[in-house]
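Pasting query.cif here (mmCIF, C-alpha atoms):
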data_start
#
loop_
_atom_site.label_atom_id
_atom_site.label_comp_id
_atom_site.auth_asym_id
_atom_site.auth_seq_id
_atom_site.Cartn_x
_atom_site.Cartn_y
_atom_site.Cartn_z
CA MET A 25 -120.48 -147.35 65.97
CA THR A 26 -120.48 -149.91 68.71
CA GLN A 27 -120.46 -153.44 67.36
CA THR A 28 -120.36 -156.70 69.28
CA THR A 29 -120.24 -160.33 68.25
CA ALA A 30 -121.61 -163.42 69.86
CA ASP A 31 -118.61 -165.64 69.30
CA ALA A 32 -115.79 -163.44 70.63
CA GLU A 33 -115.27 -161.11 73.56
CA VAL A 34 -113.43 -158.47 71.55
CA ARG A 35 -115.51 -155.45 70.51
CA TYR A 36 -114.88 -152.89 67.81
CA GLU A 37 -113.77 -150.45 70.51
CA ASP A 38 -111.03 -152.89 71.53
CA LEU A 39 -109.35 -152.96 68.13
CA GLY A 40 -107.31 -149.84 68.87
CA SER A 41 -105.64 -151.54 71.84
CA LEU A 42 -104.93 -154.61 69.72
CA MET A 43 -103.32 -152.45 67.06
CA GLY A 44 -101.33 -150.75 69.82
CA LEU A 45 -99.62 -154.08 70.55
CA MET A 46 -97.92 -153.84 67.15
CA THR A 47 -94.91 -151.56 67.18
CA GLY A 48 -92.04 -150.67 64.88
CA ALA A 49 -91.05 -148.21 62.20
CA GLU A 50 -92.93 -149.98 59.39
CA LYS A 51 -96.43 -149.90 60.87
CA HIS A 52 -97.94 -147.65 58.18
CA GLY A 53 -100.68 -146.66 60.59
CA PRO A 54 -102.77 -144.47 58.22
CA ALA A 55 -102.87 -147.23 55.59
CA ALA A 56 -104.06 -149.66 58.25
CA THR A 57 -106.63 -147.50 60.01
CA SER A 58 -108.27 -146.53 56.71
CA THR A 59 -109.44 -150.15 56.42
CA LEU A 60 -110.42 -150.81 60.04
CA ASP A 61 -114.18 -150.21 59.84
CA VAL A 62 -114.61 -152.10 56.57
CA LEU A 63 -112.68 -155.08 57.90
CA TRP A 64 -114.63 -155.18 61.15
CA VAL A 65 -118.06 -155.06 59.50
CA LEU A 66 -117.06 -157.74 56.99
CA TYR A 67 -115.67 -160.16 59.55
CA ASP A 68 -118.23 -159.42 62.24
CA ARG A 69 -121.41 -159.42 60.18
CA VAL A 70 -120.93 -160.47 56.56
CA LEU A 71 -118.22 -163.02 55.75
CA ARG A 72 -119.16 -166.67 56.18
CA VAL A 73 -115.79 -167.86 57.40
CA ARG A 74 -114.56 -168.74 60.88
CA PRO A 75 -111.30 -170.23 62.17
CA GLU A 76 -112.84 -173.70 62.18
CA SER A 77 -114.11 -173.34 58.58
CA ALA A 78 -111.12 -171.53 57.06
CA GLY A 79 -110.29 -174.57 54.91
CA ASP A 80 -113.82 -175.50 53.86
CA ALA A 81 -114.63 -175.36 50.16
CA GLY A 82 -117.89 -173.57 50.87
CA ARG A 83 -116.35 -170.68 52.82
CA ASP A 84 -116.42 -167.09 51.64
CA ARG A 85 -113.02 -165.86 50.45
CA PHE A 86 -111.57 -162.54 51.59
CA LEU A 87 -108.50 -161.25 49.74
CA LEU A 88 -106.59 -158.27 51.13
CA SER A 89 -105.05 -156.57 48.12
CA LYS A 90 -104.34 -153.43 50.15
CA GLY A 91 -101.65 -155.35 52.01
CA HIS A 92 -99.35 -152.42 52.73
CA GLY A 93 -99.76 -151.75 56.42
CA PRO A 94 -101.82 -154.81 57.49
CA MET A 95 -102.14 -153.91 61.20
CA ALA A 96 -105.92 -153.54 61.10
CA TYR A 97 -106.25 -156.87 59.26
CA TYR A 98 -104.12 -158.61 61.87
CA ALA A 99 -106.09 -157.03 64.72
CA VAL A 100 -109.40 -158.18 63.27
CA LEU A 101 -108.13 -161.71 62.57
CA ALA A 102 -106.86 -161.93 66.15
CA ALA A 103 -110.15 -160.57 67.48
CA LYS A 104 -111.97 -163.31 65.56
CA ARG A 105 -109.56 -165.96 66.91
CA PHE A 106 -107.90 -166.96 63.67
CA PHE A 107 -104.64 -166.74 65.62
CA PRO A 108 -103.67 -165.87 69.22
CA VAL A 109 -103.65 -162.22 70.31
CA GLY A 110 -100.16 -162.91 71.67
CA TRP A 111 -98.82 -162.97 68.12
CA LEU A 112 -99.52 -159.25 67.68
CA SER A 113 -96.65 -158.03 69.87
CA GLY A 114 -94.19 -159.79 67.58
CA PHE A 115 -95.36 -157.90 64.50
CA GLY A 116 -92.54 -157.53 61.97
CA ALA A 117 -90.00 -159.48 64.02
CA TYR A 118 -87.66 -161.95 62.33
CA ASP A 119 -89.36 -165.01 63.82
CA SER A 120 -92.94 -163.70 63.70
CA PRO A 121 -95.54 -164.95 61.18
CA LEU A 122 -96.94 -161.41 61.07
CA GLY A 123 -94.83 -159.68 58.46
CA HIS A 124 -95.16 -156.22 56.99
CA HIS A 125 -97.21 -157.87 54.26
CA PRO A 126 -99.53 -160.83 54.96
CA ASP A 127 -98.25 -164.32 54.09
CA ARG A 128 -100.90 -166.95 53.36
CA THR A 129 -98.49 -169.76 54.22
CA LEU A 130 -97.91 -168.44 57.74
CA ILE A 131 -101.17 -166.87 58.93
CA PRO A 132 -104.42 -168.81 59.41
CA GLY A 133 -107.31 -167.34 57.47
CA VAL A 134 -105.18 -165.36 54.99
CA GLU A 135 -106.06 -166.26 51.40
CA ILE A 136 -103.26 -164.51 49.46
CA GLY A 137 -99.85 -162.99 49.98
CA SER A 138 -100.27 -159.33 49.13
CA GLY A 139 -98.56 -155.98 49.06
CA SER A 140 -97.73 -155.18 45.45
CA LEU A 141 -100.30 -152.80 43.98
CA GLY A 142 -102.71 -154.22 41.44
CA HIS A 143 -102.50 -157.95 42.24
CA GLY A 144 -105.50 -158.57 44.46
CA LEU A 145 -108.39 -157.81 42.11
CA PRO A 146 -107.06 -160.02 39.27
CA LEU A 147 -106.55 -162.80 41.83
CA ALA A 148 -110.12 -162.32 43.05
CA VAL A 149 -111.40 -162.61 39.49
CA GLY A 150 -109.48 -165.86 39.14
CA SER A 151 -110.89 -167.12 42.45
CA ALA A 152 -114.46 -166.37 41.35
CA LEU A 153 -113.86 -168.10 38.02
CA GLY A 154 -112.35 -171.12 39.77
CA LEU A 155 -115.32 -171.47 42.10
CA ARG A 156 -117.71 -171.18 39.15
CA ALA A 157 -115.79 -173.87 37.24
CA GLN A 158 -116.12 -176.19 40.25
CA GLY A 159 -119.85 -175.60 40.48
CA LEU A 160 -119.46 -173.79 43.81
CA ASP A 161 -122.04 -171.07 43.33
CA ASP A 162 -122.62 -170.16 46.97
CA PRO A 163 -119.23 -168.87 48.27
CA ALA A 164 -118.66 -165.15 47.85
CA VAL A 165 -115.29 -163.67 46.93
CA TRP A 166 -114.45 -160.33 48.55
CA VAL A 167 -111.36 -158.26 47.78
CA LEU A 168 -110.27 -155.04 49.52
CA ILE A 169 -108.25 -152.62 47.41
CA GLY A 170 -107.02 -149.07 47.81
CA ASP A 171 -107.95 -146.29 45.42
CA ALA A 172 -104.29 -145.85 44.47
CA GLU A 173 -104.29 -149.40 43.11
CA LEU A 174 -106.58 -148.19 40.36
CA ASP A 175 -103.55 -146.45 38.88
CA GLU A 176 -102.43 -149.97 37.84
CA GLY A 177 -103.60 -151.27 34.47
CA SER A 178 -104.02 -154.85 35.69
CA ASN A 179 -107.00 -153.76 37.79
CA HIS A 180 -108.79 -152.28 34.79
CA GLU A 181 -108.33 -155.48 32.82
CA ALA A 182 -109.83 -157.35 35.77
CA ILE A 183 -112.74 -154.89 36.06
CA ALA A 184 -113.52 -155.21 32.35
CA TYR A 185 -113.35 -158.99 32.35
CA ALA A 186 -115.42 -159.48 35.51
CA GLY A 187 -118.19 -157.27 34.18
CA SER A 188 -118.39 -159.04 30.84
CA ALA A 189 -118.28 -162.46 32.53
CA GLY A 190 -121.06 -161.55 34.97
CA LEU A 191 -119.11 -162.71 38.02
CA ASP A 192 -121.90 -161.98 40.48
CA ARG A 193 -120.14 -163.70 43.41
CA LEU A 194 -117.28 -161.19 43.14
CA HIS A 195 -117.31 -158.20 45.50
CA THR A 196 -114.73 -155.41 45.57
CA VAL A 197 -114.39 -152.86 48.35
CA VAL A 198 -112.37 -149.78 47.39
CA ILE A 199 -110.95 -147.66 50.21
CA ASP A 200 -111.11 -144.15 48.76
CA ASN A 201 -108.94 -141.68 50.66
CA ASP A 202 -107.95 -139.57 47.64
CA SER A 203 -104.65 -141.40 47.16
CA ALA A 204 -105.09 -142.16 43.47
CA THR A 205 -103.12 -140.21 40.89
CA HIS A 206 -105.87 -140.52 38.29
CA GLY A 207 -109.61 -140.21 38.61
CA TRP A 208 -112.87 -140.52 36.69
CA HIS A 209 -115.65 -138.12 35.96
CA GLY A 210 -118.42 -139.13 38.34
CA GLY A 211 -116.09 -140.86 40.81
CA ILE A 212 -114.65 -144.34 41.26
CA ALA A 213 -118.04 -146.08 41.26
CA SER A 214 -118.67 -144.83 37.74
CA ARG A 215 -115.58 -146.68 36.51
CA PHE A 216 -117.01 -149.99 37.69
CA GLU A 217 -120.52 -149.21 36.44
CA ALA A 218 -119.17 -148.48 32.96
CA ALA A 219 -117.80 -152.02 32.86
CA GLY A 220 -121.11 -153.63 33.82
CA TRP A 221 -120.75 -153.78 37.62
CA SER A 222 -123.24 -152.71 40.23
CA ALA A 223 -121.57 -150.08 42.43
CA VAL A 224 -122.32 -147.83 45.39
CA THR A 225 -120.40 -145.19 47.35
CA VAL A 226 -120.76 -145.01 51.15
CA ASP A 227 -119.19 -143.47 54.23
CA GLY A 228 -116.35 -145.84 55.08
CA ARG A 229 -116.65 -145.13 58.82
CA ASP A 230 -120.42 -145.71 59.11
CA HIS A 231 -120.99 -149.33 60.13
CA ALA A 232 -124.70 -149.35 59.38
CA ALA A 233 -124.14 -147.89 55.91
CA LEU A 234 -121.33 -150.34 55.20
CA HIS A 235 -123.43 -153.33 56.27
CA ALA A 236 -126.37 -152.19 54.15
CA ALA A 237 -124.07 -151.77 51.15
CA PHE A 238 -122.32 -155.10 51.68
CA THR A 239 -125.62 -157.01 51.82
CA ALA A 240 -127.45 -155.24 48.97
CA PRO A 241 -128.56 -157.50 46.09
CA HIS A 242 -126.79 -157.23 42.74
CA PRO A 243 -128.15 -160.07 40.59
CA GLY A 244 -126.08 -161.06 37.59
CA ARG A 245 -123.32 -158.51 38.14
CA PRO A 246 -120.12 -158.19 40.14
CA TYR A 247 -120.38 -155.60 42.88
CA ALA A 248 -118.19 -152.71 44.02
CA VAL A 249 -118.52 -150.74 47.26
CA VAL A 250 -116.49 -147.52 47.36
CA ALA A 251 -115.82 -146.68 51.03
CA ARG A 252 -114.94 -143.02 51.44
CA VAL A 253 -112.64 -142.23 54.38
CA GLU A 254 -110.68 -139.18 55.45
CA LYS A 255 -107.88 -138.05 53.15
CA LYS A 256 -104.51 -139.71 53.63
CA ARG A 257 -102.13 -137.61 55.67
#

Now that the file is in, can you turn its structure into C-alpha coordinates?
Amino acid sequence: MTQTTADAEVRYEDLGSLMGLMTGAEKHGPAATSTLDVLWVLYDRVLRVRPESAGDAGRDRFLLSKGHGPMAYYAVLAAKRFFPVGWLSGFGAYDSPLGHHPDRTLIPGVEIGSGSLGHGLPLAVGSALGLRAQGLDDPAVWVLIGDAELDEGSNHEAIAYAGSAGLDRLHTVVIDNDSATHGWHGGIASRFEAAGWSAVTVDGRDHAALHAAFTAPHPGRPYAVVARVEKKR
(Lines of atoms letter the chains of each structure in order from A and count residues from 1; the text may use other names and numbers.)
(Lines give C-alpha, C1' and ligand atoms only; values in the text may rest on other atoms or scores of the structure.)
Protein backbone atom coordinates (compact mmCIF):
# COMPACT_ATOMS: atom_id res chain seq x y z
CA MET A 1 0.00 0.00 0.00
CA THR A 2 2.97 2.30 -0.12
CA GLN A 3 2.09 5.68 -1.56
CA THR A 4 4.32 8.71 -2.01
CA THR A 5 3.73 12.20 -3.30
CA ALA A 6 5.99 14.58 -5.13
CA ASP A 7 5.03 17.70 -3.22
CA ALA A 8 5.42 16.53 0.39
CA GLU A 9 7.84 14.39 2.34
CA VAL A 10 5.17 12.61 4.35
CA ARG A 11 4.26 9.11 3.14
CA TYR A 12 1.20 7.02 3.83
CA GLU A 13 3.26 4.99 6.30
CA ASP A 14 3.92 8.16 8.30
CA LEU A 15 0.27 8.93 8.95
CA GLY A 16 0.14 6.65 11.99
CA SER A 17 2.84 8.69 13.73
CA LEU A 18 1.01 11.91 12.87
CA MET A 19 -2.19 10.52 14.35
CA GLY A 20 -0.18 9.48 17.41
CA LEU A 21 0.55 13.16 18.11
CA MET A 22 -3.15 13.65 18.87
CA THR A 23 -4.08 12.51 22.35
CA GLY A 24 -7.06 12.73 24.68
CA ALA A 25 -10.17 10.86 25.68
CA GLU A 26 -12.25 12.00 22.69
CA LYS A 27 -10.04 10.70 19.89
CA HIS A 28 -12.57 8.18 18.54
CA GLY A 29 -9.75 6.22 16.95
CA PRO A 30 -11.84 3.56 15.14
CA ALA A 31 -14.01 6.23 13.51
CA ALA A 32 -10.88 8.01 12.33
CA THR A 33 -8.86 5.04 11.10
CA SER A 34 -11.80 3.70 9.07
CA THR A 35 -11.38 6.74 6.79
CA LEU A 36 -7.57 6.88 6.61
CA ASP A 37 -6.99 5.06 3.30
CA VAL A 38 -9.82 6.82 1.48
CA LEU A 39 -8.61 10.23 2.64
CA TRP A 40 -5.02 9.53 1.65
CA VAL A 41 -5.85 8.33 -1.86
CA LEU A 42 -8.18 11.28 -2.43
CA TYR A 43 -5.72 13.93 -1.28
CA ASP A 44 -2.63 12.27 -2.71
CA ARG A 45 -3.90 11.28 -6.13
CA VAL A 46 -7.39 12.58 -6.94
CA LEU A 47 -8.47 15.92 -5.48
CA ARG A 48 -7.40 19.02 -7.38
CA VAL A 49 -6.83 21.22 -4.36
CA ARG A 50 -3.64 22.32 -2.64
CA PRO A 51 -2.95 24.77 0.20
CA GLU A 52 -2.16 27.52 -2.30
CA SER A 53 -5.40 26.89 -4.26
CA ALA A 54 -7.76 26.26 -1.34
CA GLY A 55 -9.66 29.49 -2.08
CA ASP A 56 -9.76 29.21 -5.87
CA ALA A 57 -13.17 28.97 -7.50
CA GLY A 58 -11.97 26.15 -9.74
CA ARG A 59 -10.79 23.87 -6.93
CA ASP A 60 -12.35 20.52 -6.15
CA ARG A 61 -14.42 20.56 -2.96
CA PHE A 62 -14.05 17.87 -0.30
CA LEU A 63 -16.69 17.76 2.45
CA LEU A 64 -16.14 15.54 5.49
CA SER A 65 -19.61 14.59 6.67
CA LYS A 66 -18.18 11.79 8.82
CA GLY A 67 -16.76 14.42 11.15
CA HIS A 68 -16.94 12.40 14.36
CA GLY A 69 -13.36 11.49 15.13
CA PRO A 70 -11.49 13.63 12.56
CA MET A 71 -7.94 12.53 13.49
CA ALA A 72 -7.23 10.92 10.12
CA TYR A 73 -8.53 14.01 8.30
CA TYR A 74 -6.27 16.26 10.36
CA ALA A 75 -3.27 13.99 9.78
CA VAL A 76 -3.78 14.03 6.02
CA LEU A 77 -4.31 17.80 5.90
CA ALA A 78 -1.11 18.29 7.89
CA ALA A 79 0.75 15.85 5.65
CA LYS A 80 -0.36 17.89 2.64
CA ARG A 81 0.72 21.14 4.34
CA PHE A 82 -2.66 22.77 4.73
CA PHE A 83 -1.54 23.58 8.27
CA PRO A 84 1.61 22.94 10.34
CA VAL A 85 2.22 19.48 11.79
CA GLY A 86 2.83 21.24 15.11
CA TRP A 87 -0.89 21.90 15.42
CA LEU A 88 -1.62 18.18 15.84
CA SER A 89 -0.30 17.91 19.40
CA GLY A 90 -2.85 20.48 20.51
CA PHE A 91 -5.80 18.43 19.26
CA GLY A 92 -8.93 19.14 21.31
CA ALA A 93 -7.27 21.74 23.55
CA TYR A 94 -9.13 24.91 24.47
CA ASP A 95 -6.93 27.17 22.33
CA SER A 96 -6.40 24.74 19.44
CA PRO A 97 -8.10 25.14 16.03
CA LEU A 98 -8.32 21.34 15.83
CA GLY A 99 -11.53 20.53 17.65
CA HIS A 100 -13.31 17.22 18.07
CA HIS A 101 -15.28 18.20 14.98
CA PRO A 102 -13.71 20.17 12.10
CA ASP A 103 -14.42 23.92 11.95
CA ARG A 104 -14.20 25.53 8.51
CA THR A 105 -13.58 28.96 10.05
CA LEU A 106 -10.47 27.77 11.88
CA ILE A 107 -8.77 25.14 9.71
CA PRO A 108 -7.33 25.86 6.24
CA GLY A 109 -8.74 23.58 3.57
CA VAL A 110 -11.86 22.53 5.52
CA GLU A 111 -15.02 23.23 3.52
CA ILE A 112 -17.75 22.61 6.14
CA GLY A 113 -18.19 22.30 9.87
CA SER A 114 -19.37 18.75 10.42
CA GLY A 115 -20.23 16.18 13.03
CA SER A 116 -24.01 15.84 13.13
CA LEU A 117 -25.13 12.80 11.16
CA GLY A 118 -26.87 13.43 7.86
CA HIS A 119 -25.70 16.98 7.08
CA GLY A 120 -22.80 16.46 4.70
CA LEU A 121 -24.51 14.87 1.70
CA PRO A 122 -27.28 17.51 1.50
CA LEU A 123 -24.58 20.20 1.73
CA ALA A 124 -22.65 18.49 -1.06
CA VAL A 125 -25.78 18.48 -3.23
CA GLY A 126 -26.14 22.20 -2.59
CA SER A 127 -22.48 22.77 -3.44
CA ALA A 128 -22.83 20.92 -6.74
CA LEU A 129 -25.97 22.88 -7.58
CA GLY A 130 -24.25 26.15 -6.71
CA LEU A 131 -21.29 25.39 -8.95
CA ARG A 132 -23.63 24.44 -11.79
CA ALA A 133 -25.59 27.69 -11.37
CA GLN A 134 -22.32 29.64 -11.64
CA GLY A 135 -21.33 27.82 -14.81
CA LEU A 136 -18.42 26.12 -13.03
CA ASP A 137 -18.62 22.71 -14.66
CA ASP A 138 -15.09 21.51 -13.97
CA PRO A 139 -14.76 21.39 -10.14
CA ALA A 140 -15.75 18.10 -8.55
CA VAL A 141 -17.57 17.87 -5.23
CA TRP A 142 -16.61 14.94 -3.00
CA VAL A 143 -18.31 14.07 0.28
CA LEU A 144 -17.26 11.34 2.73
CA ILE A 145 -20.05 9.82 4.82
CA GLY A 146 -20.37 6.87 7.16
CA ASP A 147 -22.81 4.04 6.59
CA ALA A 148 -24.61 4.90 9.83
CA GLU A 149 -25.49 8.29 8.36
CA LEU A 150 -27.78 6.50 5.95
CA ASP A 151 -30.11 5.94 8.89
CA GLU A 152 -30.93 9.67 8.54
CA GLY A 153 -33.77 10.63 6.21
CA SER A 154 -32.05 13.81 5.00
CA ASN A 155 -29.49 11.70 3.16
CA HIS A 156 -32.16 9.83 1.23
CA GLU A 157 -33.79 13.07 0.14
CA ALA A 158 -30.36 14.21 -1.07
CA ILE A 159 -29.73 10.90 -2.88
CA ALA A 160 -33.10 11.09 -4.64
CA TYR A 161 -32.67 14.71 -5.68
CA ALA A 162 -29.09 14.34 -6.92
CA GLY A 163 -30.02 11.39 -9.10
CA SER A 164 -33.00 13.12 -10.68
CA ALA A 165 -30.97 16.31 -11.24
CA GLY A 166 -28.09 14.42 -12.87
CA LEU A 167 -25.44 16.04 -10.69
CA ASP A 168 -22.52 14.32 -12.38
CA ARG A 169 -19.88 16.41 -10.57
CA LEU A 170 -21.09 15.02 -7.23
CA HIS A 171 -19.17 12.10 -5.72
CA THR A 172 -20.02 10.34 -2.46
CA VAL A 173 -17.73 7.94 -0.64
CA VAL A 174 -19.49 5.77 1.94
CA ILE A 175 -17.34 4.13 4.62
CA ASP A 176 -19.13 0.83 5.22
CA ASN A 177 -18.09 -0.84 8.46
CA ASP A 178 -21.48 -2.36 9.26
CA SER A 179 -22.47 0.48 11.58
CA ALA A 180 -25.85 1.20 10.01
CA THR A 181 -29.03 0.13 11.77
CA HIS A 182 -30.87 -0.39 8.50
CA GLY A 183 -29.76 -1.96 5.26
CA TRP A 184 -30.84 -2.69 1.70
CA HIS A 185 -31.22 -5.85 -0.28
CA GLY A 186 -28.17 -5.92 -2.52
CA GLY A 187 -26.10 -3.61 -0.32
CA ILE A 188 -25.56 0.13 0.02
CA ALA A 189 -24.58 0.63 -3.63
CA SER A 190 -27.99 -0.63 -4.71
CA ARG A 191 -29.65 2.21 -2.77
CA PHE A 192 -27.79 4.79 -4.83
CA GLU A 193 -28.30 2.93 -8.11
CA ALA A 194 -32.05 2.83 -7.53
CA ALA A 195 -32.03 6.64 -7.42
CA GLY A 196 -30.16 6.99 -10.71
CA TRP A 197 -26.55 7.11 -9.46
CA SER A 198 -23.59 5.15 -10.74
CA ALA A 199 -22.17 3.15 -7.83
CA VAL A 200 -19.42 0.67 -7.05
CA THR A 201 -18.27 -1.25 -3.96
CA VAL A 202 -14.54 -1.70 -3.28
CA ASP A 203 -12.10 -2.75 -0.57
CA GLY A 204 -11.64 0.40 1.49
CA ARG A 205 -8.04 -0.51 2.39
CA ASP A 206 -6.84 -1.25 -1.17
CA HIS A 207 -5.28 1.93 -2.57
CA ALA A 208 -5.16 0.73 -6.17
CA ALA A 209 -8.83 -0.32 -6.07
CA LEU A 210 -9.84 2.96 -4.46
CA HIS A 211 -7.98 5.03 -7.05
CA ALA A 212 -9.50 3.05 -9.91
CA ALA A 213 -12.97 3.55 -8.44
CA PHE A 214 -12.44 7.25 -7.76
CA THR A 215 -11.33 7.94 -11.34
CA ALA A 216 -13.89 5.77 -13.17
CA PRO A 217 -16.15 7.63 -15.64
CA HIS A 218 -19.82 8.11 -14.78
CA PRO A 219 -21.24 10.42 -17.47
CA GLY A 220 -24.49 12.16 -16.64
CA ARG A 221 -24.89 10.67 -13.17
CA PRO A 222 -23.72 11.36 -9.64
CA TYR A 223 -21.33 8.72 -8.37
CA ALA A 224 -21.07 6.70 -5.17
CA VAL A 225 -18.11 4.61 -4.02
CA VAL A 226 -18.86 2.25 -1.13
CA ALA A 227 -15.57 1.54 0.68
CA ARG A 228 -15.82 -1.63 2.75
CA VAL A 229 -13.59 -1.72 5.84
CA GLU A 230 -13.38 -3.97 8.87
CA LYS A 231 -16.36 -4.00 11.21
CA LYS A 232 -16.45 -1.32 13.88
CA ARG A 233 -15.28 -2.58 17.25

| task | Could you list the residues chosen by the PyMOL selection byres ((chain A and resi 248-251) around 6) in this structure as number ranges by chain? | result | A: 195-200, 223-228, 247, 252

| message | With all atoms listed in the file as the counted atoms, please give the residues lying no more than 6 Å from range 162-167 of chain A, apart from itself and same-chain residues fewer than 3 positions off, as a ChimeraX atom specification. | response | /A:82-88,193-196

| request: Please check which residues have atoms at most 9 Å from (-126.8, -159.3, 38.4) in the file's coordinates, counting all atoms listed in the file, and write them as a VMD selection string. | output: chain A and resid 190 to 192 221 to 222 241 to 247

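Reported to one decimal place, the separation of CA of Arg105 in chain A from CA of Leu39 in chain A is 13.1 Å.
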
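Distance check against Leu66 in chain A using all atoms listed in the file: of A:Tyr97, A:Gly187, A:Pro121, A:Glu173, the minimum falls on A:Tyr97.
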
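Distances here use all atoms listed in the file; by that measure, the residue among A:Leu101, A:His124, A:Ala184, A:Arg72 closest to Gly53 in chain A is A:His124.
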
| message | Given the PyMOL selection byres ((chain A and resi 65) around 10) and the file above, list the residues it selects as an MDAnalysis selection string. | response | chainID A and resid 27 36 60:64 66:71 100 230:232 234:235 238

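Contact shell of Pro108 in chain A at 12 Å (only C-alpha atoms; same-chain neighbours under 6 positions omitted): Leu42, Pro75, Tyr98, Ala99, Val100, Leu101, Ala102, Gly114, Pro121, Leu122, Ile131 and Pro132 of chain A.
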
| message | as a ChimeraX atom specification, please: the residues near Ser203 in chain A (cut-off 8 Å, all atoms listed in the file, same-chain neighbours under 2 positions excluded). | response | /A:171-172,200-201,205,255-256

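Within the file as shown, the PyMOL selection byres ((chain A and resi 142) around 7) identifies Ser140, Leu141, His143, Gly144, Leu145, Glu173, Glu176, Ser178 and Asn179 of chain A.
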